[in-house]
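Data block for upload.txt (compact mmCIF, C-alpha atoms and all ligand atoms):
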# COMPACT_ATOMS: atom_id res chain seq x y z
CA MET J 1 31.84 22.48 76.14
CA GLY J 2 29.86 23.94 73.28
CA ALA J 3 30.69 24.53 69.65
CA LEU J 4 31.21 28.26 70.18
CA GLU J 5 34.04 27.67 72.66
CA LEU J 6 35.65 25.47 70.02
CA GLY J 7 35.65 28.32 67.51
CA ILE J 8 32.83 26.75 65.49
CA GLU J 9 30.43 29.56 64.92
CA SER J 10 27.84 30.06 62.31
CA ASN J 11 28.40 32.84 59.80
CA LEU J 12 25.68 31.58 57.52
CA ILE J 13 23.74 34.32 55.83
CA PRO J 14 20.22 33.36 54.72
CA ILE J 15 20.08 33.24 50.95
CA GLY J 16 16.34 33.69 50.60
CA ILE J 17 14.98 30.30 49.49
CA SER J 18 13.45 28.81 52.61
CA GLU J 19 14.03 25.19 51.55
CA VAL J 20 17.76 25.89 51.01
CA ASP J 21 18.11 27.98 54.16
CA ARG J 22 16.51 25.21 56.23
CA ASP J 23 18.99 22.70 54.80
CA HIS J 24 21.95 25.01 55.48
CA HIS J 25 20.79 25.55 59.03
CA GLU J 26 20.60 21.78 59.57
CA LEU J 27 24.11 21.27 58.14
CA ASP J 28 25.37 24.02 60.40
CA ARG J 29 23.75 22.37 63.41
CA LEU J 30 25.31 18.99 62.57
CA ILE J 31 28.76 20.57 62.14
CA SER J 32 28.47 22.19 65.59
CA LYS J 33 27.43 18.92 67.21
CA LEU J 34 30.22 17.04 65.40
CA SER J 35 32.82 19.37 66.87
CA VAL J 36 31.58 18.66 70.39
CA ALA J 37 31.52 14.88 69.78
CA SER J 38 35.08 15.12 68.41
CA VAL J 39 36.46 16.91 71.47
CA GLU J 40 34.63 14.55 73.79
CA GLU J 41 35.94 11.61 71.70
CA ASN J 42 32.45 10.21 71.68
CA HIS J 43 32.85 7.73 68.86
CA ASP J 44 29.23 6.58 68.69
CA ASP J 45 27.77 10.10 68.63
CA PHE J 46 30.38 11.22 66.16
CA THR J 47 29.69 8.34 63.76
CA LYS J 48 25.94 8.88 63.87
CA LEU J 49 26.24 12.66 63.36
CA PHE J 50 28.77 12.21 60.58
CA ASN J 51 26.55 9.74 58.73
CA ASP J 52 23.57 12.09 59.17
CA MET J 53 25.65 14.93 57.76
CA VAL J 54 26.70 12.93 54.69
CA GLU J 55 23.11 11.86 54.02
CA HIS J 56 21.75 15.36 54.56
CA SER J 57 24.44 16.83 52.28
CA ARG J 58 23.59 14.41 49.47
CA GLU J 59 19.87 15.18 49.75
CA HIS J 60 20.47 18.93 50.01
CA PHE J 61 22.78 19.02 46.98
CA ALA J 62 20.27 16.99 44.96
CA ARG J 63 17.51 19.49 45.91
CA GLU J 64 19.66 22.41 44.79
CA GLU J 65 20.56 20.69 41.55
CA ILE J 66 16.86 20.10 40.78
CA LEU J 67 16.15 23.80 41.43
CA MET J 68 19.01 24.77 39.09
CA ARG J 69 17.91 22.36 36.37
CA LYS J 70 14.31 23.62 36.50
CA GLY J 71 15.48 27.22 36.53
CA ARG J 72 18.00 26.65 33.71
CA CYS J 73 20.96 27.89 35.76
CA PRO J 74 24.03 28.32 33.55
CA SER J 75 26.27 27.56 36.54
CA LEU J 76 24.68 24.13 37.16
CA GLU J 77 27.72 22.15 36.04
CA LEU J 78 30.30 24.18 37.94
CA HIS J 79 28.10 24.29 41.04
CA SER J 80 27.51 20.54 40.92
CA GLN J 81 31.27 20.00 40.68
CA GLU J 82 31.68 21.85 43.99
CA HIS J 83 29.07 19.55 45.53
CA ALA J 84 30.84 16.47 44.16
CA ALA J 85 34.22 17.67 45.48
CA ILE J 86 32.98 18.13 49.04
CA LEU J 87 31.20 14.74 48.90
CA ASP J 88 34.56 13.21 47.90
CA THR J 89 36.20 14.87 50.90
CA LEU J 90 33.44 13.50 53.15
CA ALA J 91 33.88 10.02 51.63
CA ARG J 92 37.60 10.12 52.47
CA HIS J 93 36.78 11.11 56.05
CA ALA J 94 34.16 8.32 56.22
CA HIS J 95 36.83 5.86 55.09
CA SER J 96 39.18 6.88 57.94
CA LEU J 97 36.29 6.78 60.37
CA MET J 98 35.20 3.27 59.37
CA LEU J 99 38.60 1.65 58.88
CA LYS J 100 40.76 3.41 61.47
CA ARG J 101 38.05 4.63 63.86
CA GLN J 102 39.64 8.03 63.36
CA LEU J 103 37.45 11.01 64.31
CA LEU J 104 37.86 14.30 62.48
CA ARG J 105 39.80 16.88 64.45
CA VAL J 106 38.14 20.19 65.31
CA GLU J 107 40.26 22.01 62.66
CA GLN J 108 38.95 19.61 60.01
CA ILE J 109 35.37 20.19 61.15
CA ARG J 110 36.00 23.94 61.17
CA ALA J 111 37.18 23.61 57.55
CA LEU J 112 33.87 21.93 56.64
CA GLY J 113 32.00 24.84 58.25
CA SER J 114 34.14 27.33 56.32
CA TRP J 115 33.46 25.46 53.10
CA LEU J 116 29.71 25.64 53.76
CA ASN J 117 29.83 29.39 54.49
CA ARG J 118 31.95 30.10 51.41
CA HIS J 119 29.84 27.90 49.15
CA ALA J 120 26.58 29.46 50.41
CA ASP J 121 28.00 32.93 49.92
CA THR J 122 29.24 32.31 46.36
CA ALA J 123 27.80 29.39 44.35
CA ASP J 124 24.46 29.28 46.20
CA LYS J 125 24.11 33.06 46.09
CA HIS J 126 24.70 33.06 42.32
CA MET J 127 22.09 30.34 42.02
CA VAL J 128 19.52 32.42 43.92
CA ASP J 129 20.31 35.56 41.92
CA HIS J 130 19.83 33.65 38.70
CA LEU J 131 16.60 31.96 39.85
CA ASN J 132 15.13 35.27 41.00
CA ARG J 133 15.88 36.83 37.60
CA HIS J 134 14.68 33.75 35.72
CA TYR J 135 11.35 33.51 37.54
CA ALA J 136 10.76 37.26 37.69
CA LEU J 137 10.58 37.18 33.89
CA SER J 138 7.79 34.62 34.04
CA GLY J 139 6.06 36.19 37.07
CA ILE J 140 6.67 33.13 39.30
CA SER J 141 8.48 33.35 42.64
CA VAL J 142 11.17 30.75 43.44
FE FE J 201 25.15 24.47 46.63

Structure translated into structure tokens:
Amino acid sequence: MGALELGIESNLIPIGISEVDRDHHELDRLISKLSVASVEENHDDFTKLFNDMVEHSREHFAREEILMRKGRCPSLELHSQEHAAILDTLARHAHSLMLKRQLLRVEQIRALGSWLNRHADTADKHMVDHLNRHYALSGISV
């Protein structure tokens, strides 16, 4: 069974900064694979994919926050709070996974995918709009 049959489909729209789009694509890929590992109750695969996703999320958020700091994004604080909130959610899931060997259900994984789509389409899009305006003034592309 694939992720599509499980209702996990990508609605990610490229936002126009290749580094960020590459990261989003990788998160999307990990979310799809997690859903399959969850349905198959493959604990080892699930744990590895989940840990990869947490690590990739941390690195990706840090990259975005550097871009925002350099580009003097006024939404940096609010945007970073969204990153921190989803990392908290992932930490709670990691806790259940480690202590109770409890895999996320497909609905929970679908919610992570929805969060990513919504975040990319709002906070990340605002970031890109700001950076494009900011750098256009100085003649530098993002
Ligand atoms: Fe973001």

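A straight line drawn from CA of Leu67 (chain J) to CA of Val20 (chain J) is 9.9 Å long.
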
Who sits within 9 Å of region 21-29 of chain J, all atoms listed in the file, same chain under 6 positions skipped, as a list in words: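 The residues that qualify are Glu9, Ser10, Leu12, Ile13, Pro14, Ile15, Met53, His56, Ser57, His60, Gly113, Leu116 and Ala120 of chain J.
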
Spatial neighbours of Ala123 (chain J), 12 Å, all atoms listed in the file, chain gap at least 6 places, as a CSV table (one decimal) with C-alpha atoms, in the frame of the given file:
chain,number,residue,atom,x,y,z
J,15,ILE,CA,20.1,33.2,51.0
J,61,PHE,CA,22.8,19.0,47.0
J,64,GLU,CA,19.7,22.4,44.8
J,65,GLU,CA,20.6,20.7,41.6
J,68,MET,CA,19.0,24.8,39.1
J,73,CYS,CA,21.0,27.9,35.8
J,74,PRO,CA,24.0,28.3,33.6
J,75,SER,CA,26.3,27.6,36.5
J,76,LEU,CA,24.7,24.1,37.2
J,77,GLU,CA,27.7,22.2,36.0
J,78,LEU,CA,30.3,24.2,37.9
J,79,HIS,CA,28.1,24.3,41.0
J,80,SER,CA,27.5,20.5,40.9
J,81,GLN,CA,31.3,20.0,40.7
J,82,GLU,CA,31.7,21.8,44.0
J,83,HIS,CA,29.1,19.6,45.5
J,115,TRP,CA,33.5,25.5,53.1
J,116,LEU,CA,29.7,25.6,53.8
J,117,ASN,CA,29.8,29.4,54.5
J,129,ASP,CA,20.3,35.6,41.9
J,130,HIS,CA,19.8,33.6,38.7

Exercise: residues within 12 Å of coordinate (36.1, 11.1, 52.1), counting all atoms listed in the file, as a PyMOL selection string: chain J and resi 50-51+54+84-99+104+108+112

Selected residue of minimal separation from Leu30 (chain J) among J:Leu49, J:Ile17, J:Ala111, J:Ala62, counting all atoms listed in the file: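 Among the listed residues, J:Leu49 lies closest to Leu30 (chain J).
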
J:Ile66, J:Val106, J:Arg101, J:Asn42 ranked by distance to ligand FE 201 (chain J), top pick (using only C-alpha atoms and all ligand atoms): J:Ile66

Hey, can I get the axis-aligned box for region 35-49 of chain J? All listed atoms, 8 Å padding on each side, centre and edge lengths in Å to one decimal, as AutoDock Vina command-line options.
--center_x 31.2 --center_y 13.0 --center_z 68.6 --size_x 26.5 --size_y 28.8 --size_z 26.4

Between CA of Lys70 (chain J) and CA of Asp121 (chain J) - distance in Å to one decimal: 21.3 Å

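Using all atoms listed in the file, the shortest contact distance between ligand FE 201 (chain J) and any of J:Thr122, J:Gln102, J:Ser32, J:Asn11 is found at J:Thr122.
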
CA of Glu40 (chain J) to CA of Ile109 (chain J), distance in Å rounded to a single decimal: 13.9 Å

Among listed residues J:Arg63, J:Val39, J:Arg133, J:Arg110, nearest ligand FE 201 (chain J) (using all atoms listed in the file):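 The shortest atom-to-atom distance to ligand FE 201 (chain J) comes from J:Arg63.
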
Proximity to Ser114 (chain J) - best of J:His134, J:Ser18, J:His126, J:Ile31, only C-alpha atoms: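 Ranked by minimum distance to Ser114 (chain J), first place goes to J:Ile31.
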
Selected residue, from J:Met127, J:Lys48, J:Lys100, J:Lys33, that lies nearest to Arg69 (chain J) when counting only C-alpha atoms: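 The shortest atom-to-atom distance to Arg69 (chain J) comes from J:Met127.
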